[in-house]
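What's in model.txt: compact mmCIF, C-alpha atoms
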```txt
# COMPACT_ATOMS: atom_id res chain seq x y z
CA MET I 1 0.00 0.00 0.00
CA ARG I 2 1.28 3.45 -0.92
CA PHE I 3 2.99 5.25 2.00
CA VAL I 4 2.71 2.15 4.15
CA ASP I 5 5.24 -0.10 2.43
CA GLU I 6 7.77 2.74 2.42
CA PHE I 7 7.57 2.85 6.22
CA ARG I 8 8.42 -0.87 6.34
CA ASP I 9 11.47 -0.60 4.04
CA ALA I 10 14.20 -2.82 5.49
CA GLU I 11 17.09 -0.88 3.95
CA LEU I 12 15.86 2.43 5.33
CA GLY I 13 15.29 0.70 8.67
CA ARG I 14 18.89 -0.46 8.80
CA ALA I 15 20.06 3.07 7.93
CA VAL I 16 18.08 4.54 10.85
CA ALA I 17 19.36 1.73 13.11
CA ALA I 18 22.93 2.71 12.14
CA GLU I 19 22.13 6.32 13.02
CA ILE I 20 20.79 5.18 16.39
CA LEU I 21 24.05 3.32 17.01
CA SER I 22 26.02 6.48 16.22
CA LEU I 23 23.99 8.48 18.77
CA ILE I 24 24.63 6.11 21.66
CA GLU I 25 27.00 7.20 24.38
CA PRO I 26 29.17 4.14 25.23
CA GLY I 27 28.42 2.69 28.65
CA ARG I 28 25.14 4.54 29.04
CA HIS I 29 21.88 2.60 29.38
CA TYR I 30 18.83 4.16 27.74
CA LYS I 31 15.37 3.30 28.98
CA LEU I 32 12.62 4.56 26.68
CA MET I 33 8.90 4.00 27.27
CA GLU I 34 6.44 3.49 24.44
CA VAL I 35 3.22 4.74 26.02
CA CYS I 36 0.82 3.26 23.49
CA GLY I 37 -0.14 -0.40 23.14
CA GLY I 38 -0.18 0.01 19.36
CA HIS I 39 3.55 0.73 19.47
CA THR I 40 4.19 -2.30 21.71
CA HIS I 41 2.41 -4.45 19.13
CA SER I 42 4.41 -3.02 16.19
CA ILE I 43 7.71 -3.37 18.04
CA TYR I 44 7.17 -7.11 18.51
CA LYS I 45 5.47 -7.75 15.21
CA TYR I 46 8.32 -6.22 13.20
CA GLY I 47 11.17 -7.03 15.58
CA VAL I 48 12.06 -3.35 15.99
CA ASP I 49 13.98 -4.04 19.21
CA ASP I 50 16.21 -6.54 17.37
CA LEU I 51 17.59 -3.58 15.41
CA LEU I 52 18.49 -1.67 18.58
CA PRO I 53 21.78 -1.82 20.46
CA ALA I 54 21.59 -3.78 23.74
CA ASN I 55 21.82 -0.63 25.84
CA VAL I 56 18.62 0.84 24.36
CA GLU I 57 15.80 -0.76 26.33
CA LEU I 58 12.15 -0.31 25.42
CA VAL I 59 9.70 -0.31 28.33
CA HIS I 60 6.02 -0.90 27.69
CA GLY I 61 3.62 1.68 29.07
CA PRO I 62 0.00 1.73 30.25
CA GLY I 63 -1.55 2.76 26.90
CA CYS I 64 -3.80 -0.25 26.37
CA PRO I 65 -7.35 0.52 27.57
CA VAL I 66 -8.36 -3.14 27.83
CA CYS I 67 -5.24 -3.85 29.92
CA VAL I 68 -5.99 -1.15 32.48
CA ILE I 69 -9.72 -1.81 33.00
CA PRO I 70 -10.22 -2.93 36.62
CA MET I 71 -12.18 -6.07 37.47
CA GLY I 72 -14.96 -4.13 39.18
CA ARG I 73 -15.85 -2.33 35.94
CA VAL I 74 -16.02 -5.67 34.10
CA ASP I 75 -18.35 -6.98 36.82
CA ASP I 76 -20.50 -3.84 36.48
CA GLY I 77 -20.68 -4.40 32.72
CA ILE I 78 -21.71 -8.03 33.20
CA ALA I 79 -24.42 -6.96 35.68
CA LEU I 80 -25.77 -4.56 33.04
CA ALA I 81 -25.58 -7.24 30.34
CA ARG I 82 -27.68 -9.56 32.52
CA THR I 83 -30.38 -6.92 33.05
CA ASP I 84 -33.74 -7.88 31.50
CA GLY I 85 -34.34 -6.35 28.10
CA VAL I 86 -30.76 -5.11 27.63
CA ILE I 87 -28.60 -5.64 24.56
CA PHE I 88 -25.04 -5.04 25.73
CA THR I 89 -22.55 -3.93 23.06
CA CYS I 90 -18.76 -3.63 23.28
CA PHE I 91 -15.54 -3.95 21.28
CA GLY I 92 -14.26 -7.50 20.72
CA ASP I 93 -11.26 -7.67 23.06
CA MET I 94 -13.30 -6.37 25.95
CA MET I 95 -15.46 -9.49 25.81
CA ARG I 96 -12.61 -11.72 26.97
CA VAL I 97 -11.43 -9.61 29.91
CA PRO I 98 -11.95 -11.61 33.09
CA GLY I 99 -14.10 -10.16 35.84
CA SER I 100 -14.32 -11.71 39.29
CA GLU I 101 -16.86 -14.25 38.02
CA GLY I 102 -16.02 -14.69 34.36
CA SER I 103 -15.99 -12.52 31.26
CA LEU I 104 -18.64 -10.90 29.08
CA LEU I 105 -18.10 -13.75 26.61
CA GLU I 106 -19.00 -16.25 29.35
CA ALA I 107 -22.02 -14.12 30.32
CA LYS I 108 -23.07 -14.29 26.65
CA ALA I 109 -22.67 -18.08 26.65
CA ALA I 110 -24.88 -18.18 29.74
CA GLY I 111 -27.66 -16.31 27.93
CA ALA I 112 -26.94 -12.56 28.20
CA ASP I 113 -27.39 -10.66 24.93
CA VAL I 114 -23.83 -9.38 24.45
CA ARG I 115 -22.90 -8.23 20.96
CA MET I 116 -19.55 -7.23 19.51
CA VAL I 117 -19.40 -3.96 17.60
CA TYR I 118 -16.64 -2.19 15.68
CA SER I 119 -17.87 1.29 16.49
CA PRO I 120 -20.35 3.12 18.73
CA LEU I 121 -22.22 3.91 15.50
CA ASP I 122 -22.83 0.14 15.10
CA ALA I 123 -24.27 0.07 18.64
CA LEU I 124 -26.61 2.97 17.80
CA ARG I 125 -27.74 1.11 14.68
CA ILE I 126 -28.62 -1.92 16.85
CA ALA I 127 -30.67 0.40 19.08
CA LYS I 128 -32.61 1.71 16.09
CA GLN I 129 -33.24 -1.84 14.87
CA ASN I 130 -34.50 -2.94 18.32
CA PRO I 131 -36.77 -0.13 19.59
CA ASP I 132 -38.33 -2.41 22.23
CA ARG I 133 -34.95 -3.19 23.83
CA GLU I 134 -32.46 -1.06 25.79
CA VAL I 135 -29.06 -0.95 24.08
CA VAL I 136 -26.01 -0.18 26.25
CA PHE I 137 -22.63 0.64 24.70
CA PHE I 138 -19.61 -0.17 26.90
CA ALA I 139 -17.35 2.74 25.95
CA ILE I 140 -13.63 2.20 26.43
CA GLY I 141 -10.49 3.84 25.09
CA PHE I 142 -8.23 6.86 25.35
CA GLU I 143 -8.76 10.24 23.64
CA THR I 144 -8.56 8.55 20.22
CA THR I 145 -11.83 6.71 20.87
CA ALA I 146 -13.68 9.14 23.14
CA PRO I 147 -14.70 11.56 20.31
CA SER I 148 -16.31 8.65 18.48
CA THR I 149 -18.47 7.88 21.54
CA ALA I 150 -19.25 11.59 22.01
CA LEU I 151 -20.36 12.03 18.39
CA THR I 152 -22.58 8.94 18.62
CA LEU I 153 -24.27 10.21 21.81
CA LYS I 154 -24.91 13.54 20.07
CA ARG I 155 -26.30 11.64 17.09
CA ALA I 156 -28.55 9.51 19.35
CA ARG I 157 -30.01 12.68 20.81
CA ALA I 158 -30.38 14.43 17.43
CA GLU I 159 -32.15 11.39 15.95
CA GLY I 160 -34.37 10.92 19.01
CA VAL I 161 -33.11 7.42 19.84
CA THR I 162 -34.17 7.00 23.46
CA ASN I 163 -33.32 3.31 24.01
CA PHE I 164 -29.55 3.91 23.74
CA SER I 165 -27.15 4.61 26.61
CA CYS I 166 -23.46 4.43 27.37
CA MET I 167 -21.42 2.97 30.23
CA CYS I 168 -18.44 5.26 30.05
CA ASN I 169 -14.95 3.91 30.79
CA HIS I 170 -12.97 6.38 28.72
CA VAL I 171 -9.64 7.38 30.19
CA THR I 172 -7.08 10.08 29.51
CA ILE I 173 -3.40 9.51 28.86
CA VAL I 174 -1.67 12.31 30.76
CA PRO I 175 -2.54 11.35 34.40
CA PRO I 176 -1.10 7.79 34.23
CA VAL I 177 2.05 9.07 32.52
CA ARG I 178 2.45 11.64 35.28
CA ALA I 179 1.87 8.90 37.88
CA LEU I 180 4.60 6.80 36.26
CA LEU I 181 7.00 9.74 36.26
CA GLU I 182 6.32 10.19 39.98
CA SER I 183 6.93 6.48 40.63
CA PRO I 184 10.19 5.73 42.41
CA ASP I 185 10.31 2.26 40.77
CA LEU I 186 11.10 3.53 37.35
CA ARG I 187 13.86 5.65 35.82
CA LEU I 188 13.10 6.61 32.23
CA ASP I 189 15.18 8.59 29.73
CA GLY I 190 12.44 9.46 27.26
CA PHE I 191 9.07 8.66 25.76
CA ILE I 192 7.74 7.47 22.42
CA GLY I 193 4.50 9.45 22.40
CA PRO I 194 1.13 7.98 21.34
CA GLY I 195 0.43 8.66 17.66
CA HIS I 196 -3.33 8.58 17.37
CA VAL I 197 -4.13 10.01 20.82
CA SER I 198 -2.01 12.96 19.67
CA THR I 199 -4.11 13.29 16.50
CA ILE I 200 -6.86 14.37 18.89
CA VAL I 201 -5.04 16.12 21.75
CA GLY I 202 -1.96 17.36 19.85
CA GLY I 203 1.47 17.82 21.38
CA ARG I 204 0.78 20.46 24.05
CA PRO I 205 -0.61 18.15 26.79
CA PHE I 206 2.77 16.39 26.83
CA GLU I 207 4.86 19.53 27.29
CA PHE I 208 4.92 19.00 31.06
CA ILE I 209 7.18 15.98 30.53
CA PRO I 210 10.18 17.99 29.32
CA ALA I 211 9.19 21.07 31.37
CA ASP I 212 8.66 19.37 34.75
CA TYR I 213 10.66 16.16 34.43
CA GLY I 214 13.35 17.02 31.88
CA LYS I 215 12.57 14.09 29.56
CA PRO I 216 12.09 14.22 25.78
CA LEU I 217 8.94 12.88 24.11
CA VAL I 218 8.59 12.19 20.40
CA ILE I 219 5.12 11.52 18.98
CA ALA I 220 5.44 8.55 16.64
CA GLY I 221 3.53 6.67 13.96
CA PHE I 222 2.97 2.92 14.06
CA GLU I 223 5.08 1.56 11.21
CA PRO I 224 8.52 0.16 12.08
CA LEU I 225 10.37 3.07 10.44
CA ASP I 226 8.23 5.55 12.37
CA ILE I 227 9.26 3.97 15.67
CA LEU I 228 12.95 3.72 14.75
CA GLN I 229 12.97 7.33 13.57
CA ALA I 230 11.28 8.45 16.81
CA ILE I 231 13.94 6.62 18.85
CA ALA I 232 16.66 8.37 16.81
CA MET I 233 14.94 11.73 17.45
CA ILE I 234 14.84 11.04 21.22
CA LEU I 235 18.52 10.04 21.24
CA ARG I 236 19.42 13.14 19.24
CA GLN I 237 17.78 15.28 21.92
CA LEU I 238 19.59 13.41 24.69
CA GLU I 239 22.91 13.70 22.87
CA ALA I 240 22.44 17.45 22.48
CA GLY I 241 21.44 17.75 26.15
CA ARG I 242 18.03 19.19 25.35
CA CYS I 243 14.47 17.94 25.81
CA GLY I 244 11.19 18.86 24.22
CA VAL I 245 8.07 17.48 22.56
CA GLU I 246 8.75 16.63 18.92
CA ASN I 247 6.46 15.19 16.26
CA GLN I 248 7.70 12.38 14.04
CA TYR I 249 4.14 11.58 12.83
CA THR I 250 3.49 14.86 10.99
CA ARG I 251 1.62 13.12 8.18
CA VAL I 252 -1.27 12.53 10.63
CA VAL I 253 -0.73 14.60 13.80
CA PRO I 254 -1.17 18.40 13.80
CA TYR I 255 0.59 19.87 16.84
CA GLU I 256 -2.60 21.63 17.99
CA GLY I 257 -4.65 18.39 17.73
CA ASN I 258 -8.20 18.21 16.40
CA LEU I 259 -10.09 21.17 17.86
CA ARG I 260 -13.50 19.86 16.80
CA ALA I 261 -12.85 16.60 18.62
CA LEU I 262 -11.76 18.46 21.76
CA GLU I 263 -14.92 20.61 21.60
CA VAL I 264 -17.29 17.66 21.27
CA MET I 265 -15.51 15.84 24.11
CA ALA I 266 -15.82 18.90 26.34
CA GLU I 267 -19.55 19.07 25.60
CA VAL I 268 -20.37 15.40 26.20
CA PHE I 269 -17.89 14.38 28.92
CA GLU I 270 -16.54 15.65 32.20
CA LEU I 271 -13.66 14.38 34.31
CA ARG I 272 -14.41 11.89 37.07
CA PRO I 273 -12.83 12.91 40.38
CA HIS I 274 -10.86 9.64 40.24
CA PHE I 275 -10.86 6.39 38.28
CA GLU I 276 -9.34 3.02 39.08
CA TRP I 277 -6.63 1.59 36.80
CA ARG I 278 -5.67 -2.04 36.93
CA GLY I 279 -2.30 -2.32 38.61
CA LEU I 280 -1.94 1.44 39.03
CA GLY I 281 -4.76 2.02 41.53
CA PHE I 282 -6.92 5.14 41.67
CA ILE I 283 -5.65 8.11 39.65
CA SER I 284 -7.24 11.55 40.05
CA HIS I 285 -8.97 13.09 37.05
CA SER I 286 -7.96 10.22 34.79
CA GLY I 287 -11.39 8.99 33.66
CA LEU I 288 -14.35 10.52 31.84
CA GLN I 289 -18.05 10.33 32.61
CA LEU I 290 -21.02 11.82 30.78
CA SER I 291 -21.62 15.49 31.53
CA GLU I 292 -24.83 16.67 33.20
CA ALA I 293 -26.14 17.69 29.77
CA TYR I 294 -25.94 14.02 28.68
CA ALA I 295 -26.85 12.41 32.02
CA ASP I 296 -30.00 10.87 30.53
CA LEU I 297 -27.78 8.79 28.21
CA ASP I 298 -25.61 7.51 31.07
CA ALA I 299 -26.23 3.77 31.59
CA GLU I 300 -24.86 4.01 35.14
CA ARG I 301 -27.72 6.39 35.97
CA ARG I 302 -30.37 4.64 33.91
CA PHE I 303 -29.75 1.18 35.45
CA GLN I 304 -28.70 -0.26 38.79
CA VAL I 305 -24.94 -0.87 38.65
CA PRO I 306 -23.29 -2.60 41.64
CA GLY I 307 -20.13 -0.43 41.53
CA VAL I 308 -18.17 -2.86 43.69
CA ARG I 309 -14.40 -2.63 43.83
CA VAL I 310 -12.66 -5.96 43.21
CA ALA I 311 -8.97 -6.50 43.96
CA ASP I 312 -6.74 -7.72 41.12
CA PRO I 313 -6.01 -11.48 41.12
CA LYS I 314 -3.07 -12.23 43.40
CA ALA I 315 -1.13 -14.30 40.88
CA CYS I 316 -1.31 -11.54 38.27
CA GLN I 317 1.54 -9.04 37.92
CA CYS I 318 -0.09 -6.87 35.25
CA GLY I 319 0.45 -3.80 37.42
CA GLU I 320 4.21 -4.24 37.40
CA VAL I 321 4.15 -4.97 33.66
CA LEU I 322 2.05 -1.85 33.03
CA LYS I 323 4.50 0.26 35.02
CA GLY I 324 7.44 -1.25 33.11
CA VAL I 325 8.94 -2.59 36.35
CA ILE I 326 9.06 -6.18 35.07
CA LYS I 327 9.06 -7.67 31.58
CA PRO I 328 6.03 -9.83 30.70
CA TRP I 329 8.05 -13.08 30.78
CA GLU I 330 9.16 -12.31 34.34
CA CYS I 331 5.57 -12.68 35.62
CA LYS I 332 5.02 -15.88 37.62
CA VAL I 333 2.06 -17.05 35.52
CA PHE I 334 3.20 -15.87 32.05
CA GLY I 335 2.70 -18.57 29.42
CA THR I 336 1.72 -21.17 32.01
CA ALA I 337 -1.46 -20.38 33.91
CA CYS I 338 -1.96 -17.17 31.87
CA THR I 339 -2.16 -17.46 28.07
CA PRO I 340 -4.14 -15.55 25.38
CA GLU I 341 -6.62 -18.46 25.30
CA ARG I 342 -7.17 -18.37 29.08
CA PRO I 343 -5.93 -15.01 30.34
CA ILE I 344 -5.69 -14.27 34.06
CA GLY I 345 -4.43 -10.74 33.57
CA THR I 346 -5.61 -8.14 31.11
CA CYS I 347 -2.18 -7.66 29.47
CA MET I 348 -2.64 -11.15 28.00
CA VAL I 349 -6.08 -10.32 26.56
CA SER I 350 -5.57 -7.55 24.06
CA SER I 351 -3.21 -8.24 21.18
CA GLU I 352 -1.67 -4.87 22.06
CA GLY I 353 -1.11 -5.92 25.67
CA ALA I 354 2.59 -6.41 26.36
CA CYS I 355 2.14 -10.02 27.54
CA ALA I 356 0.07 -11.09 24.53
CA ALA I 357 2.49 -9.32 22.19
CA TYR I 358 5.43 -11.21 23.71
CA TYR I 359 3.51 -14.48 23.64
CA ASN I 360 2.10 -14.20 20.10
CA PHE I 361 5.33 -13.20 18.43
CA GLY I 362 7.52 -15.86 20.06
CA ARG I 363 9.43 -13.47 22.29
CA PHE I 364 8.91 -15.81 25.21
CA ALA I 365 11.19 -18.45 23.70
CA ARG I 366 13.90 -15.93 22.84
CA GLU I 367 13.92 -14.32 26.25
CA ARG I 368 14.16 -17.72 27.88
CA GLU I 369 17.26 -18.52 25.84
CA VAL I 370 18.86 -15.34 27.10
CA VAL I 371 18.09 -16.32 30.68
CA MET X 1 -6.51 -10.84 10.26
CA THR X 2 -9.44 -10.61 12.63
CA GLY X 3 -10.24 -13.29 15.19
CA ALA X 4 -13.67 -14.60 16.13
CA ASP X 5 -13.96 -11.86 18.74
CA GLY X 6 -13.10 -9.20 16.18
CA CYS X 7 -9.69 -8.44 17.65
CA GLY X 8 -7.16 -10.96 16.34
CA PRO X 9 -3.38 -10.77 16.60
CA ASP X 10 -3.34 -7.81 14.22
CA HIS X 11 -6.17 -5.82 15.63
CA CYS X 12 -7.61 -4.33 18.76
CA ILE X 13 -9.71 -1.28 18.02
CA THR X 14 -9.05 0.59 21.23
CA CYS X 15 -5.74 -0.66 22.54
CA GLY X 16 -3.95 -0.38 19.22
CA ASP X 17 -5.43 3.06 18.75
CA ASP X 18 -6.16 1.47 15.45
CA GLY X 19 -6.13 3.91 12.55
CA VAL X 20 -7.31 2.46 9.25
CA PRO X 21 -6.65 4.46 6.06
CA MET X 22 -9.83 4.58 3.98
CA THR X 23 -10.95 6.28 0.76
CA VAL X 24 -14.23 8.18 0.56
CA VAL X 25 -16.59 6.59 -1.99
CA ALA X 26 -19.73 8.67 -1.40
CA VAL X 27 -20.77 11.44 0.99
CA ASP X 28 -24.07 11.97 2.81
CA PRO X 29 -23.58 15.58 4.05
CA GLU X 30 -27.04 15.77 5.62
CA ARG X 31 -26.33 12.90 8.00
CA GLY X 32 -22.61 13.72 8.41
CA LEU X 33 -21.61 10.28 7.16
CA ALA X 34 -19.43 8.99 4.35
CA LEU X 35 -19.27 5.59 2.71
CA CYS X 36 -15.60 4.60 2.70
CA GLY X 37 -13.58 1.74 1.23
CA ASP X 38 -10.82 0.24 3.39
CA GLY X 39 -8.61 -1.06 0.56
CA GLY X 40 -9.49 -4.65 1.44
CA GLY X 41 -12.79 -4.55 -0.48
CA GLU X 42 -14.96 -3.73 2.55
CA ARG X 43 -17.10 -0.60 2.78
CA HIS X 44 -17.93 1.22 5.99
CA SER X 45 -20.21 3.99 7.15
CA VAL X 46 -17.91 6.63 8.66
CA GLU X 47 -18.66 9.63 10.89
CA THR X 48 -17.00 12.69 9.28
CA ALA X 49 -17.78 15.51 11.77
CA LEU X 50 -14.11 15.85 12.82
CA VAL X 51 -12.74 16.27 9.29
CA ASP X 52 -15.60 17.83 7.27
CA PRO X 53 -15.91 18.81 4.49
CA VAL X 54 -14.96 15.60 2.69
CA ALA X 55 -15.35 14.63 -0.96
CA ALA X 56 -15.22 11.38 -2.90
CA GLY X 57 -11.62 10.28 -3.34
CA ASP X 58 -10.37 11.86 -0.08
CA ARG X 59 -8.16 9.68 2.13
CA LEU X 60 -9.16 9.50 5.80
CA LEU X 61 -7.72 7.86 8.89
CA VAL X 62 -10.60 6.02 10.56
CA HIS X 63 -10.78 4.88 14.18
CA ALA X 64 -13.84 3.13 15.64
CA GLY X 65 -16.10 4.34 12.84
CA THR X 66 -14.97 7.97 13.04
CA ALA X 67 -12.55 9.76 10.71
CA ILE X 68 -10.00 11.28 13.10
CA ALA X 69 -7.75 12.88 10.47
CA ALA X 70 -7.55 13.66 6.79
CA LEU X 71 -4.54 11.75 5.56
CA VAL X 72 -1.70 13.87 4.25
CA GLU X 73 0.49 11.23 2.71
CA GLU X 74 4.18 11.87 2.69
CA PRO X 75 7.08 9.48 2.09
CA PRO X 76 9.70 8.80 4.81
CA ARG X 77 12.06 11.69 5.34
```
Once you've parsed the file, please lay out its structure as structure tokens.
Amino acid sequence: MRFVDEFRDAELGRAVAAEILSLIEPGRHYKLMEVCGGHTHSIYKYGVDDLLPANVELVHGPGCPVCVIPMGRVDDGIALARTDGVIFTCFGDMMRVPGSEGSLLEAKAAGADVRMVYSPLDALRIAKQNPDREVVFFAIGFETTAPSTALTLKRARAEGVTNFSCMCNHVTIVPPVRALLESPDLRLDGFIGPGHVSTIVGGRPFEFIPADYGKPLVIAGFEPLDILQAIAMILRQLEAGRCGVENQYTRVVPYEGNLRALEVMAEVFELRPHFEWRGLGFISHSGLQLSEAYADLDAERRFQVPGVRVADPKACQCGEVLKGVIKPWECKVFGTACTPERPIGTCMVSSEGACAAYYNFGRFAREREVV
Amino acid sequence: MTGADGCGPDHCITCGDDGVPMTVVAVDPERGLALCGDGGGERHSVETALVDPVAAGDRLLVHAGTAIAALVEEPPR
């Protein structure tokens, strides 16, 4: 495909890898975090880290919405799905996330009407086709996905669809990144910034990273050359002793973001005082809920939702994986009790979760050899 | 590419912040929707409010049924 294949060109990749090598200060260890799960997936799929010198370490961040959803929210979703007359809709990966008593997929097998959709617009269509049923959309995702939910809620209202509501689990990227930077467990040298989140929010929300913490961030695309080039740009900043927010993904990301998306989000959503993240705990102002103006479309107000907090499974070390403190293969249950077929932790559910990415692309075997 | 649950090894709509390049085939300006082709032969109804106005032939980056950016294609620098 035009302008995709070029960003997978092996020769160009090797040239950027050589540049990376030339930017490395001998004896220094570089720890760079890719915030977004999409980057984690690309890095393993294309073997990007095989092209890097041993002292450039990539750490996987919390940018996978399925991976950070706490068990209690899954249980709340299942309770809604079991409500009489409800058609419960969600994205595919979400269906396999384990709650304290099974997943949405298992609830479906037991008789709940749970349907997979590719977009909130699909969920709205189901509502229009089933006027005698209540259709709930389980909204999940960072700022990339939130505008899509917001536009669909506006559309539902404009078209007078009254049997549609949303259980909102949207989260924002800046608070968990700030929490990681405050964490004493982790010393990072720079960040590969999330490409498509930045399409919406732009580069400005990340300026606190260089300003307050003195670390560079480079917004990157998702092809292997994009990621390699972003790493070279981070290393160039470190070599020159400067730090700032730079944009490698200019073909998609305007630095000011998408103002229309930000406007519609501000109209439909408001910040929750706090939201729970799997493995990271409660983080202030990190989750979105429907604003008062859209309260009538809020499934958590329309239906009884238990809202119980459930502790993460003891065996699971997703929290440490999400914080980059351990590698997926260092988790006690990785590849044994926890596999993509029967996940215990969320990082093994989504294909963009660090554990699933390691497992699916054979990294487990390689890492074991090293050990 | 896509598993039975819709999110196979290559695809998770939300976690991958999946952006699919699509080409506009037809526009319905009244409803704010466009019919778009994904290059793999499939057609999708896409919300265009964030990138309007769009015209047939335009290239869009689509995430969860919404065009989040008009695609400005440029080769690697």
Using only C-alpha atoms, what table do you get, as CSV, when you list each residue of chain I with an atom no more than 7 Å from chain X, its nearest pair of atoms, and their distance in Å rounded to one decimal, rows by chain then rising number?
```
residue,atom,partner,partner_atom,distance
I:Phe3,CA,X:Pro75,CA,5.9
I:Glu6,CA,X:Pro75,CA,6.8
I:Phe7,CA,X:Pro76,CA,6.5
I:Gly37,CA,X:Gly16,CA,5.5
I:Gly38,CA,X:Gly16,CA,3.8
I:Gly63,CA,X:Cys15,CA,6.9
I:Cys64,CA,X:Cys15,CA,4.3
I:Pro65,CA,X:Cys15,CA,5.4
I:Val66,CA,X:Cys15,CA,6.4
I:Gly92,CA,X:Asp5,CA,4.8
I:Asp93,CA,X:Cys7,CA,5.7
I:Tyr118,CA,X:Ala64,CA,6.0
I:Ser119,CA,X:Ala64,CA,4.5
I:Leu121,CA,X:Gly65,CA,6.7
I:Gly141,CA,X:Thr14,CA,5.2
I:Thr144,CA,X:Asp17,CA,6.5
I:Thr145,CA,X:Ala64,CA,6.6
I:Ser148,CA,X:Thr66,CA,5.6
I:His196,CA,X:Asp17,CA,6.1
I:Arg251,CA,X:Val72,CA,5.2
I:Val252,CA,X:Leu71,CA,6.1
I:Arg260,CA,X:Leu50,CA,5.7
I:Ala261,CA,X:Leu50,CA,6.0
I:Ser350,CA,X:Cys12,CA,6.5
I:Ser351,CA,X:Pro9,CA,5.2
I:Glu352,CA,X:Gly16,CA,5.8
```
| task | Find, counting all atoms listed in the file, the residue in I:Val97, I:Cys316, I:Ala158, I:Val56 that gets nearest to Pro340 in chain I. | result | I:Val97
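Straight-line separation from CA of Val171 in chain I to CA of Phe269 in chain I: 10.9 Å.
The protein and nucleic acid residues lying at most 8 Å from Val25 in chain X are Ala34, Leu35, Cys36, Gly37, Ala56 and Gly57 of chain X, with all atoms listed in the file considered and sequence neighbours fewer than 5 positions away removed.
Between CA of Val68 in chain I and CA of Gly102 in chain I the separation is 17.0 Å.
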| said: What's the separation between CA of Ile43 in chain I and CA of Pro216 in chain I, in Å to one decimal place? | reply: 19.7 Å
| field | Residues near Ala54 in chain I, cut-off 10 Å, all atoms listed in the file, skip fewer than 4 positions along chain, as an MDAnalysis selection string | value | chainID I and resid 29:30 49:50
With 8 Å on each side, where is the centre of the axis-aligned box around all listed atoms of range 31-46 of chain X, and how long are its edges in Å to one decimal, as lines of an AutoDock Vina configuration file?
```
center_x = -17.5
center_y = 4.5
center_z = 4.1
size_x = 33.7
size_y = 34.4
size_z = 25.1
```
| field | For range 162-165 of chain I: contacts at 6 Å, all atoms listed in the file, fewer than 4 positions along chain excluded, given as a ChimeraX atom specification | value | /I:127,134-136,297-299
